[in-house]
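Asker: Quick one: the structure is below, questions incoming.
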Amino acid sequence: MNASDRIAIRDSTKNQMSESAEKPRIAIGADHAGYHAKEVIKRYLFEQGYPVEDLGTWSDESVDYPDYAKQVAARVARGEEQLGVLVCGTGIGMAIAANKVEGIRAAVAHDPVTARAAREHNDANVLTLGGRVVNDAQAVEIVRQFLDAKFAGGRHQRRIVKITELDEERVRE
Ligand code: RB5
């Protein structure tokens, strides 16, 4: 199956989802540096009625962010949740790790404009952010913008197909 077919299947799943459910399912994870922000974001998501799967960590005891990135990214890639949110100190490590999982487009965003563009232009399916970079209110606003935005398609679709082809080239190597 080529990249366009796979995107078409995913898009039809997305359409079914939007017809049958109001809110996408969200997988969320953090390391110790993102734990506090993760809890704040989780509370916001629950208040807004999003179904949330919290994959930890559940304290500020030191852990390794790739373990949490892998769990969240794998669930999103398998379609168990439609979107993911990952928090570490800077958002960078989570993005690097999550983007190793086939089908994941993880974007670091520390402002609302970037968070919106990540969905509208890049069809990002995972948002990453840094608990040491943003405060609670900023974290919530970034998540709100990311979730409210929709992929714009059009010229951006062609570029997403090319990104998906990179996944396939990596598998063949
Ligand atoms: C942990 O100290 C820190 O390195 C991690 O949370 C993250 O910022 C990595 O990108």
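Note on naming: chains are A, B, ... as they come in the structure tokens, residues start from 1 per chain, ligands start from 1 in the order shown.
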Enumerate, in order of chain and increasing residue number, the residues of chain A with an atom no farther than 12 Å from ligand 1, each with its shortest atom pair and distance in Å to one decimal, counting only C-alpha atoms and all ligand atoms, as a Markdown table.
Answerer:
```
| residue | atom | partner | partner_atom_place_in_ligand_line | distance |
| --- | --- | --- | --- | --- |
| A:Gly29 | CA | ligand 1 | 6 (O) | 11.7 |
| A:Ala30 | CA | ligand 1 | 6 (O) | 8.2 |
| A:Asp31 | CA | ligand 1 | 6 (O) | 6.0 |
| A:His32 | CA | ligand 1 | 6 (O) | 6.7 |
| A:Ala33 | CA | ligand 1 | 6 (O) | 4.8 |
| A:Gly34 | CA | ligand 1 | 6 (O) | 6.5 |
| A:Tyr35 | CA | ligand 1 | 6 (O) | 9.4 |
| A:His36 | CA | ligand 1 | 6 (O) | 11.8 |
| A:Ala37 | CA | ligand 1 | 6 (O) | 11.7 |
| A:Thr57 | CA | ligand 1 | 6 (O) | 11.6 |
| A:Asp60 | CA | ligand 1 | 1 (C) | 10.6 |
| A:Glu61 | CA | ligand 1 | 1 (C) | 10.7 |
| A:Ser62 | CA | ligand 1 | 1 (C) | 7.7 |
| A:Val63 | CA | ligand 1 | 1 (C) | 8.1 |
| A:Asp64 | CA | ligand 1 | 1 (C) | 7.6 |
| A:Tyr65 | CA | ligand 1 | 5 (C) | 6.4 |
| A:Pro66 | CA | ligand 1 | 9 (C) | 9.0 |
| A:Asp67 | CA | ligand 1 | 5 (C) | 11.8 |
| A:Tyr68 | CA | ligand 1 | 6 (O) | 11.0 |
| A:Ala69 | CA | ligand 1 | 10 (O) | 10.8 |
| A:Leu86 | CA | ligand 1 | 6 (O) | 10.4 |
| A:Val87 | CA | ligand 1 | 6 (O) | 7.6 |
| A:Cys88 | CA | ligand 1 | 6 (O) | 3.9 |
| A:Gly89 | CA | ligand 1 | 8 (O) | 3.3 |
| A:Thr90 | CA | ligand 1 | 8 (O) | 4.1 |
| A:Gly91 | CA | ligand 1 | 10 (O) | 5.6 |
| A:Ile92 | CA | ligand 1 | 10 (O) | 4.4 |
| A:Gly93 | CA | ligand 1 | 10 (O) | 3.2 |
| A:Met94 | CA | ligand 1 | 10 (O) | 6.1 |
| A:Ala95 | CA | ligand 1 | 10 (O) | 8.1 |
| A:Ile96 | CA | ligand 1 | 10 (O) | 8.2 |
| A:Ala97 | CA | ligand 1 | 10 (O) | 9.3 |
| A:Ala98 | CA | ligand 1 | 10 (O) | 11.5 |
| A:Val108 | CA | ligand 1 | 10 (O) | 10.6 |
| A:Thr128 | CA | ligand 1 | 10 (O) | 10.0 |
| A:Leu129 | CA | ligand 1 | 8 (O) | 9.1 |
| A:Gly130 | CA | ligand 1 | 8 (O) | 6.6 |
| A:Gly131 | CA | ligand 1 | 6 (O) | 8.0 |
| A:Arg132 | CA | ligand 1 | 8 (O) | 7.7 |
| A:Val133 | CA | ligand 1 | 8 (O) | 9.4 |
```
Asker: Store the residues of this selection in a file with C-alpha atoms, as a PDB file, in the first residue's frame.
Answerer:
```
ATOM      1  CA  GLY A  29       2.418  11.123  28.617  1.00  0.00           C
ATOM      2  CA  ALA A  30       5.265  12.919  30.325  1.00  0.00           C
ATOM      3  CA  ASP A  31       8.600  12.454  32.018  1.00  0.00           C
ATOM      4  CA  HIS A  32       9.369  13.867  35.466  1.00  0.00           C
ATOM      5  CA  ALA A  33      10.020  17.352  34.006  1.00  0.00           C
ATOM      6  CA  GLY A  34       6.639  17.346  32.291  1.00  0.00           C
ATOM      7  CA  TYR A  35       4.653  15.624  35.016  1.00  0.00           C
ATOM      8  CA  HIS A  36       3.143  18.767  36.536  1.00  0.00           C
ATOM      9  CA  ALA A  37       2.128  20.232  33.145  1.00  0.00           C
ATOM     10  CA  THR A  57       4.623   9.149  34.455  1.00  0.00           C
ATOM     11  CA  ASP A  60       8.303  13.837  39.562  1.00  0.00           C
ATOM     12  CA  GLU A  61      10.729  10.966  40.143  1.00  0.00           C
ATOM     13  CA  SER A  62      13.324  10.852  37.353  1.00  0.00           C
ATOM     14  CA  VAL A  63      12.413   8.678  34.351  1.00  0.00           C
ATOM     15  CA  ASP A  64      13.481   8.461  30.688  1.00  0.00           C
ATOM     16  CA  TYR A  65      11.308  10.385  28.233  1.00  0.00           C
ATOM     17  CA  PRO A  66      11.723   7.952  25.273  1.00  0.00           C
ATOM     18  CA  ASP A  67       9.791   5.298  27.234  1.00  0.00           C
ATOM     19  CA  TYR A  68       6.738   7.561  27.416  1.00  0.00           C
ATOM     20  CA  ALA A  69       7.125   8.935  23.894  1.00  0.00           C
ATOM     21  CA  LEU A  86       3.735  14.554  25.345  1.00  0.00           C
ATOM     22  CA  VAL A  87       5.471  16.764  27.898  1.00  0.00           C
ATOM     23  CA  CYS A  88       9.109  16.756  28.944  1.00  0.00           C
ATOM     24  CA  GLY A  89      11.384  19.610  30.043  1.00  0.00           C
ATOM     25  CA  THR A  90      11.614  21.230  26.613  1.00  0.00           C
ATOM     26  CA  GLY A  91       9.364  19.127  24.362  1.00  0.00           C
ATOM     27  CA  ILE A  92      12.387  18.361  22.197  1.00  0.00           C
ATOM     28  CA  GLY A  93      13.297  14.896  23.432  1.00  0.00           C
ATOM     29  CA  MET A  94       9.672  13.771  23.270  1.00  0.00           C
ATOM     30  CA  ALA A  95       9.382  15.008  19.672  1.00  0.00           C
ATOM     31  CA  ILE A  96      12.610  13.354  18.559  1.00  0.00           C
ATOM     32  CA  ALA A  97      11.594  10.037  20.097  1.00  0.00           C
ATOM     33  CA  ALA A  98       7.937  10.097  18.984  1.00  0.00           C
ATOM     34  CA  VAL A 108       6.957  20.934  19.437  1.00  0.00           C
ATOM     35  CA  THR A 128       4.949  17.995  22.425  1.00  0.00           C
ATOM     36  CA  LEU A 129       5.758  20.777  24.831  1.00  0.00           C
ATOM     37  CA  GLY A 130       8.141  21.674  27.591  1.00  0.00           C
ATOM     38  CA  GLY A 131       7.018  21.865  31.178  1.00  0.00           C
ATOM     39  CA  ARG A 132      10.123  23.967  31.879  1.00  0.00           C
ATOM     40  CA  VAL A 133       9.314  26.373  29.047  1.00  0.00           C
TER      41      VAL A 133
END
```
Asker: Could you name the residues that touch Ile142 in chain A at 12 Å or less, counting only C-alpha atoms, but leaving out those on the same chain fewer than 5 positions away, as an mmCIF file with N, CA and C atoms, in the first residue's frame?
Answerer:
```cif
data_model
loop_
_atom_site.group_PDB
_atom_site.id
_atom_site.type_symbol
_atom_site.label_atom_id
_atom_site.label_comp_id
_atom_site.auth_asym_id
_atom_site.auth_seq_id
_atom_site.Cartn_x
_atom_site.Cartn_y
_atom_site.Cartn_z
ATOM 1 N N ALA A 37 2.906 19.685 34.279
ATOM 2 C CA ALA A 37 2.128 20.232 33.145
ATOM 3 C C ALA A 37 1.172 19.178 32.599
ATOM 4 N N ILE A 41 -2.764 19.695 32.036
ATOM 5 C CA ILE A 41 -3.380 19.481 30.713
ATOM 6 C C ILE A 41 -4.453 18.400 30.803
ATOM 7 N N TYR A 44 -7.596 19.774 32.207
ATOM 8 C CA TYR A 44 -8.281 20.584 31.183
ATOM 9 C C TYR A 44 -9.011 19.682 30.187
ATOM 10 N N VAL A 85 -0.413 13.871 23.310
ATOM 11 C CA VAL A 85 0.242 15.039 23.918
ATOM 12 C C VAL A 85 1.364 14.506 24.801
ATOM 13 N N ALA A 107 5.020 17.452 16.779
ATOM 14 C CA ALA A 107 5.468 18.839 16.650
ATOM 15 C C ALA A 107 5.623 19.476 18.021
ATOM 16 N N VAL A 108 6.760 20.145 18.218
ATOM 17 C CA VAL A 108 6.957 20.934 19.437
ATOM 18 C C VAL A 108 6.273 22.281 19.233
ATOM 19 N N ALA A 109 5.477 22.709 20.197
ATOM 20 C CA ALA A 109 4.857 24.036 20.095
ATOM 21 C C ALA A 109 4.864 24.705 21.468
ATOM 22 N N HIS A 110 5.354 25.923 21.474
ATOM 23 C CA HIS A 110 5.374 26.701 22.721
ATOM 24 C C HIS A 110 4.618 28.016 22.587
ATOM 25 N N ASP A 111 3.829 28.093 21.532
ATOM 26 C CA ASP A 111 2.966 29.264 21.371
ATOM 27 C C ASP A 111 1.740 28.818 20.583
ATOM 28 N N PRO A 112 0.639 29.544 20.720
ATOM 29 C CA PRO A 112 -0.618 29.127 20.077
ATOM 30 C C PRO A 112 -0.559 29.108 18.554
ATOM 31 N N VAL A 113 0.207 30.011 17.958
ATOM 32 C CA VAL A 113 0.279 30.063 16.481
ATOM 33 C C VAL A 113 0.929 28.790 15.940
ATOM 34 N N THR A 114 2.025 28.395 16.550
ATOM 35 C CA THR A 114 2.707 27.169 16.118
ATOM 36 C C THR A 114 1.835 25.954 16.371
ATOM 37 N N ALA A 115 1.142 25.955 17.499
ATOM 38 C CA ALA A 115 0.280 24.813 17.826
ATOM 39 C C ALA A 115 -0.822 24.640 16.773
ATOM 40 N N ARG A 116 -1.430 25.726 16.351
ATOM 41 C CA ARG A 116 -2.480 25.666 15.307
ATOM 42 C C ARG A 116 -1.891 25.201 13.986
ATOM 43 N N ALA A 117 -0.751 25.807 13.620
ATOM 44 C CA ALA A 117 -0.130 25.476 12.328
ATOM 45 C C ALA A 117 0.288 24.009 12.284
ATOM 46 N N ALA A 118 0.664 23.474 13.427
ATOM 47 C CA ALA A 118 1.075 22.063 13.469
ATOM 48 C C ALA A 118 -0.045 21.154 12.965
ATOM 49 N N ARG A 119 -1.291 21.513 13.284
ATOM 50 C CA ARG A 119 -2.427 20.733 12.763
ATOM 51 C C ARG A 119 -2.791 21.167 11.350
ATOM 52 N N LEU A 127 1.355 16.425 19.795
ATOM 53 C CA LEU A 127 1.862 17.718 20.245
ATOM 54 C C LEU A 127 2.858 17.460 21.367
ATOM 55 N N THR A 128 4.029 18.099 21.297
ATOM 56 C CA THR A 128 4.949 17.995 22.425
ATOM 57 C C THR A 128 5.233 19.395 22.951
ATOM 58 N N LEU A 129 5.434 19.481 24.241
ATOM 59 C CA LEU A 129 5.758 20.777 24.831
ATOM 60 C C LEU A 129 6.605 20.605 26.081
ATOM 61 N N GLY A 130 7.192 21.710 26.489
ATOM 62 C CA GLY A 130 8.141 21.674 27.591
ATOM 63 C C GLY A 130 7.566 22.244 28.865
ATOM 64 N N VAL A 134 6.922 26.532 29.398
ATOM 65 C CA VAL A 134 5.644 27.252 29.474
ATOM 66 C C VAL A 134 5.040 27.123 30.870
ATOM 67 N N ASN A 135 4.227 28.104 31.216
ATOM 68 C CA ASN A 135 3.499 28.000 32.484
ATOM 69 C C ASN A 135 2.177 27.256 32.263
ATOM 70 N N ASP A 136 1.420 27.072 33.317
ATOM 71 C CA ASP A 136 0.200 26.256 33.222
ATOM 72 C C ASP A 136 -0.785 26.832 32.208
ATOM 73 N N ALA A 137 -1.002 28.142 32.287
ATOM 74 C CA ALA A 137 -1.987 28.764 31.391
ATOM 75 C C ALA A 137 -1.543 28.654 29.935
ATOM 76 N N LEU A 147 -5.908 21.356 19.496
ATOM 77 C CA LEU A 147 -7.091 20.500 19.353
ATOM 78 C C LEU A 147 -8.207 21.171 18.565
ATOM 79 N N ASP A 148 -8.288 22.472 18.624
ATOM 80 C CA ASP A 148 -9.351 23.179 17.891
ATOM 81 C C ASP A 148 -9.067 23.278 16.399
ATOM 82 N N ALA A 149 -7.801 23.210 16.025
ATOM 83 C CA ALA A 149 -7.427 23.380 14.614
ATOM 84 C C ALA A 149 -7.721 22.103 13.825
#
```
Asker: By how many Å are CA of Glu47 in chain A and CA of Arg75 in chain A apart?
Answerer: 22.5 Å
Asker: Counting only C-alpha atoms, what is within 8 Å of Arg105 in chain A, bar same-chain residues fewer than 4 positions away, as JSON, numbers by chain?
Answerer: {"A": [98, 99, 122, 123, 124, 125, 126]}
Asker: Let's have the selection written as a short mmCIF file (atom, residue, chain, number, x, y, z; two decimals), in the first residue's frame, with N, CA and C atoms.
Answerer:
```cif
data_model
loop_
_atom_site.label_atom_id
_atom_site.label_comp_id
_atom_site.auth_asym_id
_atom_site.auth_seq_id
_atom_site.Cartn_x
_atom_site.Cartn_y
_atom_site.Cartn_z
N ALA A 98 9.25 10.45 19.56
CA ALA A 98 7.94 10.10 18.98
C ALA A 98 8.02 10.02 17.47
N ASN A 99 8.83 10.88 16.86
CA ASN A 99 8.93 10.89 15.40
C ASN A 99 9.68 9.68 14.83
N ASN A 122 0.74 20.81 9.03
CA ASN A 122 1.57 19.60 9.13
C ASN A 122 0.78 18.36 9.52
N ASP A 123 -0.50 18.51 9.75
CA ASP A 123 -1.35 17.39 10.17
C ASP A 123 -0.68 16.62 11.32
N ALA A 124 -0.08 17.36 12.23
CA ALA A 124 0.60 16.72 13.37
C ALA A 124 -0.41 15.90 14.16
N ASN A 125 0.01 14.71 14.54
CA ASN A 125 -0.88 13.88 15.37
C ASN A 125 -0.39 13.77 16.81
N VAL A 126 0.76 14.35 17.08
CA VAL A 126 1.25 14.43 18.47
C VAL A 126 1.78 15.85 18.71
#
```
Asker: Using DSSP on the backbone coordinates, identify the residues of range 36-152 of chain A assigned to helix (DSSP H, G or I); present them as a PyMOL selection string.
Answerer: chain A and resi 36-47+65-78+92-98+112-120+136-148
Asker: Looking at A:Ala27, A:Ile160, A:Ala77, A:Val140, which one is nearest to Leu55 in chain A, with distances taken over only C-alpha atoms?
Answerer: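 Ranked by minimum distance to Leu55 in chain A, first place goes to A:Ala27.
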Asker: To one decimal place, how far is CA of Trp58 in chain A from CA of Glu102 in chain A in Å?
Answerer: 26.5 Å
Asker: Quick one: residues within 7 Å of Val101 in chain A, only C-alpha atoms, excluding same-chain residues fewer than 3 positions away - as a PDB file with N, CA and C atoms, in the first residue's frame?
Answerer:
```pdb
ATOM      1  N   ALA A  73       3.175   7.387  21.255  1.00  0.00           N
ATOM      2  CA  ALA A  73       3.265   7.376  19.790  1.00  0.00           C
ATOM      3  C   ALA A  73       2.729   6.058  19.222  1.00  0.00           C
ATOM      4  N   ALA A  74       3.057   4.961  19.867  1.00  0.00           N
ATOM      5  CA  ALA A  74       2.602   3.654  19.363  1.00  0.00           C
ATOM      6  C   ALA A  74       1.083   3.572  19.402  1.00  0.00           C
ATOM      7  N   ALA A  98       9.250  10.449  19.562  1.00  0.00           N
ATOM      8  CA  ALA A  98       7.937  10.097  18.984  1.00  0.00           C
ATOM      9  C   ALA A  98       8.017  10.018  17.466  1.00  0.00           C
ATOM     10  N   ILE A 104       3.909   8.747  12.806  1.00  0.00           N
ATOM     11  CA  ILE A 104       3.789   9.862  13.765  1.00  0.00           C
ATOM     12  C   ILE A 104       4.396  11.131  13.187  1.00  0.00           C
TER      13      ILE A 104
END
```
Asker: Nearest to Arg170 in chain A among A:Gln82, A:Arg155, A:Arg43, A:Gly103, with distances taken over only C-alpha atoms: which residue is it?
Answerer: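 The closest residue to Arg170 in chain A is A:Gly103.
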Asker: Considering only C-alpha atoms, return as a ChimeraX atom specification whatever protein or nucleic-acid residues lie within 9 Å of Lys42 in chain A, sequence-local ones (same chain, fewer than 4 positions apart) excluded.
Answerer: /A:28,37-38,46-47,52,54
Asker: So that I can check the secondary structure, give me every residue of chain A assigned strand (DSSP E) by backbone DSSP, as a PyMOL selection string.
Answerer: chain A and resi 26-30+52-54+83-88+106-108+126-130
Asker: Mind giving me the straight-line distance from CA of Lys70 in chain A to CA of Lys100 in chain A in Å, one decimal?
Answerer: 8.5 Å
